[in-house]
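Structure file run_29.cif (mmCIF, C-alpha atoms) follows.
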```
data_work
loop_
_atom_site.group_PDB
_atom_site.id
_atom_site.type_symbol
_atom_site.label_atom_id
_atom_site.label_comp_id
_atom_site.auth_asym_id
_atom_site.auth_seq_id
_atom_site.Cartn_x
_atom_site.Cartn_y
_atom_site.Cartn_z
ATOM 1 C CA ILE F 1 0.000 0.000 0.000
ATOM 2 C CA LEU F 2 1.472 3.332 -1.040
ATOM 3 C CA LEU F 3 1.931 5.702 1.939
ATOM 4 C CA ARG F 4 0.089 3.486 4.399
ATOM 5 C CA GLY F 5 -1.664 5.489 7.122
ATOM 6 C CA PHE F 6 -1.971 8.716 5.131
ATOM 7 C CA ASP F 7 -5.119 10.106 3.516
ATOM 8 C CA ARG F 8 -5.933 7.566 0.814
ATOM 9 C CA GLN F 9 -6.988 10.086 -1.820
ATOM 10 C CA CYS F 10 -3.796 12.088 -1.359
ATOM 11 C CA ALA F 11 -1.606 8.981 -1.346
ATOM 12 C CA ASP F 12 -3.192 7.832 -4.598
ATOM 13 C CA LYS F 13 -2.597 11.293 -6.096
ATOM 14 C CA VAL F 14 1.094 11.099 -5.168
ATOM 15 C CA GLY F 15 1.338 7.675 -6.811
ATOM 16 C CA ALA F 16 -0.502 8.803 -9.952
ATOM 17 C CA MET F 17 1.785 11.800 -10.432
ATOM 18 C CA MET F 18 4.920 9.722 -9.885
ATOM 19 C CA ALA F 19 3.658 7.306 -12.536
ATOM 20 C CA GLU F 20 3.061 10.174 -14.976
ATOM 21 C CA ILE F 21 6.685 11.321 -14.719
ATOM 22 C CA GLY F 22 8.061 7.822 -15.237
ATOM 23 C CA THR F 23 8.035 5.874 -11.967
ATOM 24 C CA ARG F 24 6.877 2.305 -12.560
ATOM 25 C CA PHE F 25 5.058 0.565 -9.723
ATOM 26 C CA LEU F 26 4.654 -3.193 -9.251
ATOM 27 C CA ASN F 27 1.844 -3.199 -6.729
ATOM 28 C CA GLY F 28 1.505 -6.204 -4.464
ATOM 29 C CA PHE F 29 4.963 -7.617 -5.234
ATOM 30 C CA ILE F 30 7.865 -8.114 -2.842
ATOM 31 C CA PRO F 31 11.460 -9.057 -3.699
ATOM 32 C CA THR F 32 12.289 -12.680 -2.950
ATOM 33 C CA LYS F 33 15.763 -12.983 -4.438
ATOM 34 C CA ILE F 34 18.563 -10.728 -5.687
ATOM 35 C CA VAL F 35 21.456 -12.210 -7.679
ATOM 36 C CA LYS F 36 24.438 -10.354 -9.146
ATOM 37 C CA THR F 37 24.988 -11.296 -12.789
ATOM 38 C CA ASP F 38 28.329 -11.753 -14.529
ATOM 39 C CA ALA F 39 27.728 -8.379 -16.195
ATOM 40 C CA GLY F 40 27.463 -6.687 -12.804
ATOM 41 C CA LYS F 41 23.700 -6.175 -12.953
ATOM 42 C CA LEU F 42 21.371 -7.092 -10.111
ATOM 43 C CA GLU F 43 18.752 -9.647 -11.130
ATOM 44 C CA VAL F 44 15.711 -9.282 -8.888
ATOM 45 C CA THR F 45 12.931 -11.824 -8.509
ATOM 46 C CA LEU F 46 9.646 -10.407 -7.226
ATOM 47 C CA ALA F 47 6.532 -12.360 -6.271
ATOM 48 C CA ASN F 48 2.988 -11.638 -5.142
ATOM 49 C CA THR F 49 0.499 -13.565 -3.040
ATOM 50 C CA SER F 50 -1.159 -15.012 -6.157
ATOM 51 C CA GLY F 51 1.983 -16.931 -7.043
ATOM 52 C CA GLU F 52 2.986 -14.684 -9.918
ATOM 53 C CA SER F 53 6.645 -13.780 -10.241
ATOM 54 C CA VAL F 54 8.609 -11.199 -12.193
ATOM 55 C CA VAL F 55 12.354 -11.244 -12.920
ATOM 56 C CA GLU F 56 14.105 -8.024 -13.964
ATOM 57 C CA GLN F 57 17.638 -6.636 -13.979
ATOM 58 C CA PHE F 58 18.719 -3.314 -12.478
ATOM 59 C CA ASP F 59 21.891 -1.283 -11.971
ATOM 60 C CA THR F 60 21.024 -0.457 -8.355
ATOM 61 C CA VAL F 61 18.576 -1.748 -5.767
ATOM 62 C CA LEU F 62 17.529 0.616 -2.996
ATOM 63 C CA TYR F 63 15.791 -0.782 0.071
ATOM 64 C CA ALA F 64 13.057 1.434 1.568
ATOM 65 C CA THR F 65 11.545 -0.996 4.031
ATOM 66 C CA GLY F 66 10.867 1.148 7.092
ATOM 67 C CA ARG F 67 12.431 0.667 10.494
ATOM 68 C CA HIS F 68 11.829 -0.792 13.920
ATOM 69 C CA ALA F 69 12.879 0.043 17.463
ATOM 70 C CA ASP F 70 16.119 -1.856 18.077
ATOM 71 C CA THR F 71 15.745 -2.101 21.848
ATOM 72 C CA ALA F 72 16.156 -5.838 22.305
ATOM 73 C CA GLY F 73 19.890 -5.619 22.965
ATOM 74 C CA ILE F 74 19.993 -2.942 25.666
ATOM 75 C CA ASN F 75 18.746 -5.198 28.482
ATOM 76 C CA LEU F 76 15.702 -3.170 29.512
ATOM 77 C CA GLU F 77 14.565 -6.096 31.627
ATOM 78 C CA ALA F 78 17.453 -5.575 34.024
ATOM 79 C CA VAL F 79 15.980 -2.279 35.186
ATOM 80 C CA GLY F 80 12.354 -3.308 34.808
ATOM 81 C CA VAL F 81 11.449 -1.079 31.836
ATOM 82 C CA LYS F 82 8.580 -2.521 29.843
ATOM 83 C CA SER F 83 8.469 -2.530 26.064
ATOM 84 C CA LEU F 84 5.644 -3.261 23.645
ATOM 85 C CA LYS F 85 5.444 -6.127 21.149
ATOM 86 C CA ASN F 86 6.932 -3.909 18.449
ATOM 87 C CA GLY F 87 10.003 -3.278 20.611
ATOM 88 C CA LYS F 88 9.082 0.280 21.457
ATOM 89 C CA ILE F 89 9.274 1.538 25.027
ATOM 90 C CA ALA F 90 5.881 2.277 26.559
ATOM 91 C CA VAL F 91 5.736 5.785 28.022
ATOM 92 C CA VAL F 92 3.322 8.326 29.470
ATOM 93 C CA ASN F 93 4.648 11.871 28.995
ATOM 94 C CA GLU F 94 8.041 10.354 28.103
ATOM 95 C CA GLN F 95 8.138 8.510 31.463
ATOM 96 C CA THR F 96 8.498 4.736 31.445
ATOM 97 C CA ASN F 97 6.920 2.408 33.995
ATOM 98 C CA VAL F 98 10.084 2.950 36.071
ATOM 99 C CA PRO F 99 9.542 6.454 37.524
ATOM 100 C CA ASN F 100 13.125 7.678 37.211
ATOM 101 C CA ILE F 101 13.702 6.434 33.639
ATOM 102 C CA PHE F 102 12.528 8.490 30.669
ATOM 103 C CA ALA F 103 12.741 7.976 26.917
ATOM 104 C CA ILE F 104 12.245 10.124 23.817
ATOM 105 C CA GLY F 105 12.420 9.691 20.063
ATOM 106 C CA ASP F 106 11.455 6.950 17.630
ATOM 107 C CA CYS F 107 11.953 4.167 20.189
ATOM 108 C CA ILE F 108 8.886 5.173 22.257
ATOM 109 C CA ASP F 109 5.155 4.661 21.933
ATOM 110 C CA SER F 110 2.187 5.670 24.019
ATOM 111 C CA ALA F 111 1.281 3.222 26.757
ATOM 112 C CA ASP F 112 -2.320 4.488 26.567
ATOM 113 C CA ALA F 113 -2.733 4.862 22.785
ATOM 114 C CA PRO F 114 -0.191 2.784 20.847
ATOM 115 C CA GLY F 115 0.613 4.169 17.409
ATOM 116 C CA SER F 116 -0.137 7.791 18.287
ATOM 117 C CA MET F 117 3.480 9.016 18.498
ATOM 118 C CA GLN F 118 5.154 10.157 15.296
ATOM 119 C CA GLU F 119 8.639 9.027 14.248
ATOM 120 C CA LEU F 120 9.842 12.521 13.348
ATOM 121 C CA THR F 121 13.052 14.327 14.300
ATOM 122 C CA PRO F 122 11.336 17.628 15.248
ATOM 123 C CA VAL F 123 8.968 15.677 17.506
ATOM 124 C CA ALA F 124 11.877 14.064 19.357
ATOM 125 C CA ILE F 125 13.679 17.412 19.681
ATOM 126 C CA LYS F 126 10.604 19.177 21.070
ATOM 127 C CA ALA F 127 9.807 16.334 23.469
ATOM 128 C CA GLY F 128 13.393 16.343 24.729
ATOM 129 C CA GLU F 129 13.443 20.101 25.239
ATOM 130 C CA LEU F 130 10.191 20.068 27.205
ATOM 131 C CA LEU F 131 11.318 17.070 29.265
ATOM 132 C CA ALA F 132 14.597 18.802 30.154
ATOM 133 C CA LYS F 133 12.698 21.925 31.219
ATOM 134 C CA ARG F 134 10.346 19.885 33.420
ATOM 135 C CA MET F 135 13.207 17.976 35.039
ATOM 136 C CA PHE F 136 15.721 20.773 35.481
ATOM 137 C CA GLY F 137 14.064 24.114 34.743
ATOM 138 C CA HIS F 138 10.808 24.068 36.724
ATOM 139 C CA GLY F 139 8.790 23.669 33.509
ATOM 140 C CA THR F 140 5.300 22.176 33.469
ATOM 141 C CA GLU F 141 4.439 21.962 29.754
ATOM 142 C CA GLN F 142 3.851 18.492 28.335
ATOM 143 C CA MET F 143 4.573 17.416 24.787
ATOM 144 C CA SER F 144 1.520 17.254 22.507
ATOM 145 C CA TYR F 145 1.682 14.538 19.872
ATOM 146 C CA HIS F 146 -1.592 15.729 18.329
ATOM 147 C CA LEU F 147 -1.820 17.891 15.182
ATOM 148 C CA VAL F 148 1.825 17.452 14.251
ATOM 149 C CA PRO F 149 2.505 18.617 10.678
ATOM 150 C CA THR F 150 4.556 16.420 8.394
ATOM 151 C CA ALA F 151 5.509 16.114 4.742
ATOM 152 C CA VAL F 152 6.438 13.348 2.343
ATOM 153 C CA PHE F 153 9.148 14.547 -0.019
ATOM 154 C CA THR F 154 8.075 12.739 -3.156
ATOM 155 C CA PRO F 155 8.634 14.479 -6.548
ATOM 156 C CA PHE F 156 5.352 16.296 -5.964
ATOM 157 C CA GLU F 157 5.362 16.664 -2.184
ATOM 158 C CA TYR F 158 2.534 15.788 0.178
ATOM 159 C CA GLY F 159 2.025 17.849 3.329
ATOM 160 C CA THR F 160 -0.530 17.124 6.019
ATOM 161 C CA VAL F 161 -1.585 17.959 9.548
ATOM 162 C CA GLY F 162 -4.441 16.422 11.493
ATOM 163 C CA TYR F 163 -6.779 13.630 10.464
ATOM 164 C CA SER F 164 -7.080 11.886 7.136
ATOM 165 C CA GLU F 165 -10.612 11.821 5.747
ATOM 166 C CA GLU F 166 -10.850 8.134 6.652
ATOM 167 C CA GLU F 167 -9.695 8.737 10.236
ATOM 168 C CA ALA F 168 -12.100 11.644 10.683
ATOM 169 C CA ILE F 169 -15.049 9.587 9.475
ATOM 170 C CA SER F 170 -14.014 6.700 11.720
ATOM 171 C CA ARG F 171 -13.854 9.000 14.762
ATOM 172 C CA TRP F 172 -16.859 11.273 14.239
ATOM 173 C CA GLY F 173 -19.008 9.485 11.660
ATOM 174 C CA ALA F 174 -19.594 10.266 7.985
ATOM 175 C CA ASP F 175 -22.605 12.503 8.695
ATOM 176 C CA ASN F 176 -20.424 14.832 10.785
ATOM 177 C CA ILE F 177 -17.600 15.240 8.269
ATOM 178 C CA GLU F 178 -17.414 17.370 5.147
ATOM 179 C CA SER F 179 -14.377 17.588 2.892
ATOM 180 C CA TYR F 180 -13.586 20.466 0.545
ATOM 181 C CA MET F 181 -11.328 19.678 -2.420
ATOM 182 C CA LEU F 182 -9.729 21.031 -5.567
ATOM 183 C CA GLU F 183 -7.313 19.558 -8.081
ATOM 184 C CA PHE F 184 -5.335 22.090 -10.107
ATOM 185 C CA ALA F 185 -1.979 22.923 -11.690
ATOM 186 C CA SER F 186 0.654 25.389 -10.524
ATOM 187 C CA LEU F 187 0.742 28.408 -12.817
ATOM 188 C CA GLU F 188 4.386 27.958 -13.820
ATOM 189 C CA ILE F 189 3.924 24.291 -14.706
ATOM 190 C CA ALA F 190 0.637 24.810 -16.541
ATOM 191 C CA ALA F 191 2.126 27.650 -18.587
ATOM 192 C CA ALA F 192 5.123 25.528 -19.621
ATOM 193 C CA HIS F 193 2.985 22.624 -20.846
ATOM 194 C CA ARG F 194 4.894 19.913 -19.016
ATOM 195 C CA LYS F 195 4.520 16.521 -20.665
ATOM 196 C CA ARG F 196 3.964 13.104 -19.149
ATOM 197 C CA HIS F 197 6.596 10.381 -19.446
ATOM 198 C CA PRO F 198 6.453 8.780 -22.930
ATOM 199 C CA SER F 199 5.566 5.388 -21.438
ATOM 200 C CA THR F 200 2.287 6.817 -20.095
ATOM 201 C CA ILE F 201 1.153 8.575 -23.298
ATOM 202 C CA ILE F 202 -1.508 6.710 -25.276
ATOM 203 C CA ASP F 203 -2.801 9.547 -27.445
ATOM 204 C CA PRO F 204 -0.066 11.880 -28.818
ATOM 205 C CA GLU F 205 -2.593 14.724 -28.717
ATOM 206 C CA ASP F 206 -3.082 14.173 -25.002
ATOM 207 C CA ASP F 207 0.426 14.323 -23.588
ATOM 208 C CA ALA F 208 0.105 17.068 -20.946
ATOM 209 C CA LEU F 209 0.875 16.387 -17.317
ATOM 210 C CA SER F 210 -2.321 16.046 -15.282
ATOM 211 C CA PRO F 211 -3.142 18.767 -12.738
ATOM 212 C CA HIS F 212 -0.479 17.894 -10.193
ATOM 213 C CA CYS F 213 -1.794 19.782 -7.156
ATOM 214 C CA PHE F 214 -4.516 18.575 -4.839
ATOM 215 C CA ALA F 215 -5.901 20.464 -1.843
ATOM 216 C CA LYS F 216 -8.280 19.148 0.795
ATOM 217 C CA LEU F 217 -9.743 20.428 4.055
ATOM 218 C CA VAL F 218 -11.486 17.878 6.273
ATOM 219 C CA CYS F 219 -14.057 19.677 8.441
ATOM 220 C CA LEU F 220 -16.072 18.731 11.524
ATOM 221 C CA LYS F 221 -19.588 19.999 10.836
ATOM 222 C CA PRO F 222 -20.978 20.069 14.419
ATOM 223 C CA GLU F 223 -18.148 22.419 15.480
ATOM 224 C CA LYS F 224 -18.779 25.165 12.910
ATOM 225 C CA GLU F 225 -16.776 23.175 10.366
ATOM 226 C CA ARG F 226 -13.602 23.224 12.406
ATOM 227 C CA VAL F 227 -10.780 22.032 10.168
ATOM 228 C CA VAL F 228 -9.501 18.743 11.587
ATOM 229 C CA GLY F 229 -7.484 17.677 8.552
ATOM 230 C CA PHE F 230 -5.304 19.680 6.171
ATOM 231 C CA HIS F 231 -3.862 18.051 3.063
ATOM 232 C CA PHE F 232 -1.874 19.377 0.117
ATOM 233 C CA VAL F 233 -0.128 17.575 -2.724
ATOM 234 C CA GLY F 234 2.059 19.805 -4.864
ATOM 235 C CA PRO F 235 5.358 21.693 -5.100
ATOM 236 C CA ASN F 236 6.807 22.809 -1.761
ATOM 237 C CA ALA F 237 3.986 21.152 0.171
ATOM 238 C CA GLY F 238 6.155 21.074 3.287
ATOM 239 C CA GLU F 239 6.479 24.865 3.215
ATOM 240 C CA VAL F 240 2.753 25.346 2.615
ATOM 241 C CA THR F 241 1.784 22.932 5.389
ATOM 242 C CA GLN F 242 4.183 24.410 7.953
ATOM 243 C CA GLY F 243 2.406 27.766 7.753
ATOM 244 C CA TYR F 244 -1.160 26.484 7.754
ATOM 245 C CA ALA F 245 -0.411 24.033 10.585
ATOM 246 C CA LEU F 246 -0.588 26.892 13.089
ATOM 247 C CA ALA F 247 -4.136 27.696 12.004
ATOM 248 C CA ILE F 248 -5.165 24.063 12.421
ATOM 249 C CA LYS F 249 -3.545 23.877 15.854
ATOM 250 C CA LEU F 250 -5.398 27.050 16.933
ATOM 251 C CA GLY F 251 -8.769 25.582 15.903
ATOM 252 C CA ALA F 252 -9.432 27.421 12.623
ATOM 253 C CA THR F 253 -12.792 26.819 10.937
ATOM 254 C CA LYS F 254 -13.617 26.647 7.254
ATOM 255 C CA LYS F 255 -14.961 30.216 7.491
ATOM 256 C CA ASP F 256 -11.615 31.387 8.882
ATOM 257 C CA PHE F 257 -9.965 29.993 5.764
ATOM 258 C CA ASP F 258 -12.612 31.601 3.552
ATOM 259 C CA ASP F 259 -12.084 34.987 5.217
ATOM 260 C CA LEU F 260 -8.344 34.906 4.561
ATOM 261 C CA ILE F 261 -7.059 36.868 1.564
ATOM 262 C CA GLY F 262 -4.798 34.755 -0.612
ATOM 263 C CA ILE F 263 -1.453 35.679 -2.132
ATOM 264 C CA HIS F 264 -1.922 35.550 -5.901
ATOM 265 C CA PRO F 265 -1.016 33.484 -7.900
ATOM 266 C CA THR F 266 0.341 30.946 -5.399
ATOM 267 C CA ASP F 267 -0.623 27.319 -4.855
ATOM 268 C CA ALA F 268 -1.331 27.998 -1.165
ATOM 269 C CA GLU F 269 -3.999 30.517 -2.190
ATOM 270 C CA VAL F 270 -6.290 27.601 -2.998
ATOM 271 C CA PHE F 271 -7.105 27.091 0.682
ATOM 272 C CA THR F 272 -8.795 30.506 0.856
ATOM 273 C CA GLN F 273 -11.440 29.594 -1.724
ATOM 274 C CA LEU F 274 -12.267 25.891 -1.617
ATOM 275 C CA ASP F 275 -15.987 25.462 -2.339
ATOM 276 C CA ILE F 276 -16.484 22.005 -3.871
ATOM 277 C CA THR F 277 -17.514 19.432 -1.277
ATOM 278 C CA ARG F 278 -17.347 15.669 -1.208
ATOM 279 C CA SER F 279 -21.087 15.453 -0.559
ATOM 280 C CA SER F 280 -21.933 17.570 -3.632
ATOM 281 C CA GLY F 281 -20.575 14.929 -5.992
ATOM 282 C CA LEU F 282 -19.298 17.686 -8.288
ATOM 283 C CA ASP F 283 -16.100 17.428 -10.311
ATOM 284 C CA PHE F 284 -13.321 18.936 -8.186
ATOM 285 C CA ARG F 285 -10.801 19.398 -11.017
ATOM 286 C CA ALA F 286 -10.239 23.092 -11.794
ATOM 287 C CA ALA F 287 -11.350 24.115 -15.274
ATOM 288 C CA GLY F 288 -8.916 27.063 -15.376
ATOM 289 C CA GLY F 289 -7.515 29.700 -13.067
ATOM 290 C CA CYS F 290 -4.063 30.905 -12.130
ATOM 291 C CA GLY F 291 -2.382 28.305 -9.934
ATOM 292 C CA GLY F 292 -4.400 27.893 -6.759
ATOM 293 C CA GLY F 293 -6.314 31.141 -7.264
ATOM 294 C CA LYS F 294 -8.843 32.771 -9.539
ATOM 295 C CA CYS F 295 -7.679 34.980 -12.390
ATOM 296 C CA GLY F 296 -8.877 38.584 -12.114
#
```
Before we go any further, please render this structure as structure tokens.
Amino acid sequence: ILLRGFDRQCADKVGAMMAEIGTRFLNGFIPTKIVKTDAGKLEVTLANTSGESVVEQFDTVLYATGRHADTAGINLEAVGVKSLKNGKIAVVNEQTNVPNIFAIGDCIDSADAPGSMQELTPVAIKAGELLAKRMFGHGTEQMSYHLVPTAVFTPFEYGTVGYSEEEAISRWGADNIESYMLEFASLEIAAAHRKRHPSTIIDPEDDALSPHCFAKLVCLKPEKERVVGFHFVGPNAGEVTQGYALAIKLGATKKDFDDLIGIHPTDAEVFTQLDITRSSGLDFRAAGGCGGGKCG
């Protein structure tokens, strides 16, 4: 599954755009064997659960298989610190079950809500700073692992903060959630007529790159459409998300976004004028415009 755990619509958009610029995906396959040929190539055998197999040769093989908490060898048992099945250390406010032992970073998980702590460097830094202040500087502030912005640095980036549409519906119910969306192209890319990779072109008259930007606000209707999920796929999505994350953290509503004047003609401007909803069933692909905004 591409970008497991992220908003499915946004993850699929990232995959579709990568495919359009030449990335080839073999969905459902995993490598089972890698053999170096006499010519110095790497011959890779891939198989899926249906018993199908594919054999191809490559110059380089890059593993991107995730990570796990390598805590098994540090003898936590000797001091009584408990870890979870995934090897992570169970904590509450960075404190383990042993009162005078604390932990921060990717090796920890919530004892109360497993899976709710992000494996992100800025998260670990902030948690460590606040912990140090509480222990040695008379601080009282606890680390919040909620509404943490993050970005995936794919060719067209994906930035997000808050809930995916699926998570929001699971928590509050479909009747209480409305999503506002728009798919569009950055002005500079649209003007240059960027083409898709030749392998993806079927009709020579239809070779233009698809609208590569996608914006979505997931709103909680009973709370004046408070925005509980922010999602953007497009150039510099990390930069766009970092700024808007503050609004989400402060409880901004859809009307707050609508009242904001956009900077024209930027991609980020799109969030000031989203008006097509999931429930309307209308086509959310922009018919024109200047980047994320409307042309005057």
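Against the coordinates shown, the PyMOL selection byres ((chain F and resi 258) around 12) returns Tyr180, Leu217, Glu225, Val227, Ala252, Thr253, Lys254, Lys255, Asp256, Phe257, Asp259, Leu260, Ile261, Gly262, Glu269, Val270, Phe271, Thr272, Gln273, Leu274 and Asp275 of chain F.
Straight-line separation from atom CA of Tyr145 of chain F to atom CA of Glu77 of chain F: 27.0 Å.
Listed by chain and then by number, the residues chosen by the PyMOL selection byres ((chain F and resi 43-56) around 10) in this file are Leu26, Asn27, Gly28, Phe29, Ile30, Pro31, Thr32, Lys33, Ile34, Val35, Lys36, Thr37, Gly40, Lys41, Leu42, Gln57, Phe58, Asp59, Thr60 and Val61 of chain F.
Ranking F:Val161, F:Val123, F:Ile101, F:Ala69 by their shortest atom-to-atom distance to Met135 of chain F, with only C-alpha atoms included, puts F:Ile101 first.
When all atoms listed in the file are used to measure the gap to Ser186 of chain F, the shortest distance among F:Ser83, F:Ser279, F:Asn100, F:Ser210 belongs to F:Ser210.
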Counting only C-alpha atoms, select every polymer residue within 10 Å of (-21.4, 20.2, 12.7) as defined in the file's coordinates, and provide the selection as a PyMOL selection string. chain F and resi 175-178+219-226
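Using all atoms listed in the file for every distance, the candidate list F:Thr160, F:Thr154, F:Ser116, F:Ser179 yields F:Thr160 as the residue closest to His231 of chain F.
When the PyMOL selection byres ((chain F and resi 244) around 10) is evaluated on the file shown here, the picked residues come out as Pro149, Thr160, Val161, Phe230, Glu239, Val240, Thr241, Gln242, Gly243, Ala245, Leu246, Ala247, Ile248, Lys249, Ala252, Phe257, Ala268 and Phe271 of chain F.
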All residues 7 Å or closer to Gly159 of chain F, all atoms listed in the file, same chain fewer than 3 positions away omitted, as number ranges by chain: F: 150-152, 231-233, 237-238, 241
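Relative to atom CA of Arg8 of chain F, atom CA of Thr23 of chain F is found at 19.0 Å.
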- Item | Spatial neighbours of Asp112 of chain F, max dist 9 Å, all atoms listed in the file, sep filter under 6 positions, as a PyMOL selection string | chain F and resi 90-92
Separating atom CA of Ile201 of chain F from atom CA of Ile189 of chain F, to the nearest tenth of an Å, is a gap of 18.1 Å
- Using only C-alpha atoms, determine which residues lie at most 12 Å from Lys13 of chain F, disregarding the query and same-chain residues fewer than 5 positions distant; provide the list as a PyMOL selection string. chain F and resi 2-3+6-8+18-20+154-158+183-184+210-216+231-234
Starting from 6 Å padding per side, set up an axis-aligned box that covers all listed atoms of segment 188-205 of chain F and hand over centre and edge lengths in Å, one decimal, as lines of an AutoDock Vina configuration file.
```
center_x = 1.9
center_y = 16.7
center_z = -21.3
size_x = 21.4
size_y = 34.6
size_z = 27.0
```
Judged by only C-alpha atoms, the minimum distance to Leu182 of chain F among F:Val228, F:Ile89, F:Val98, F:Cys10 is found for F:Cys10
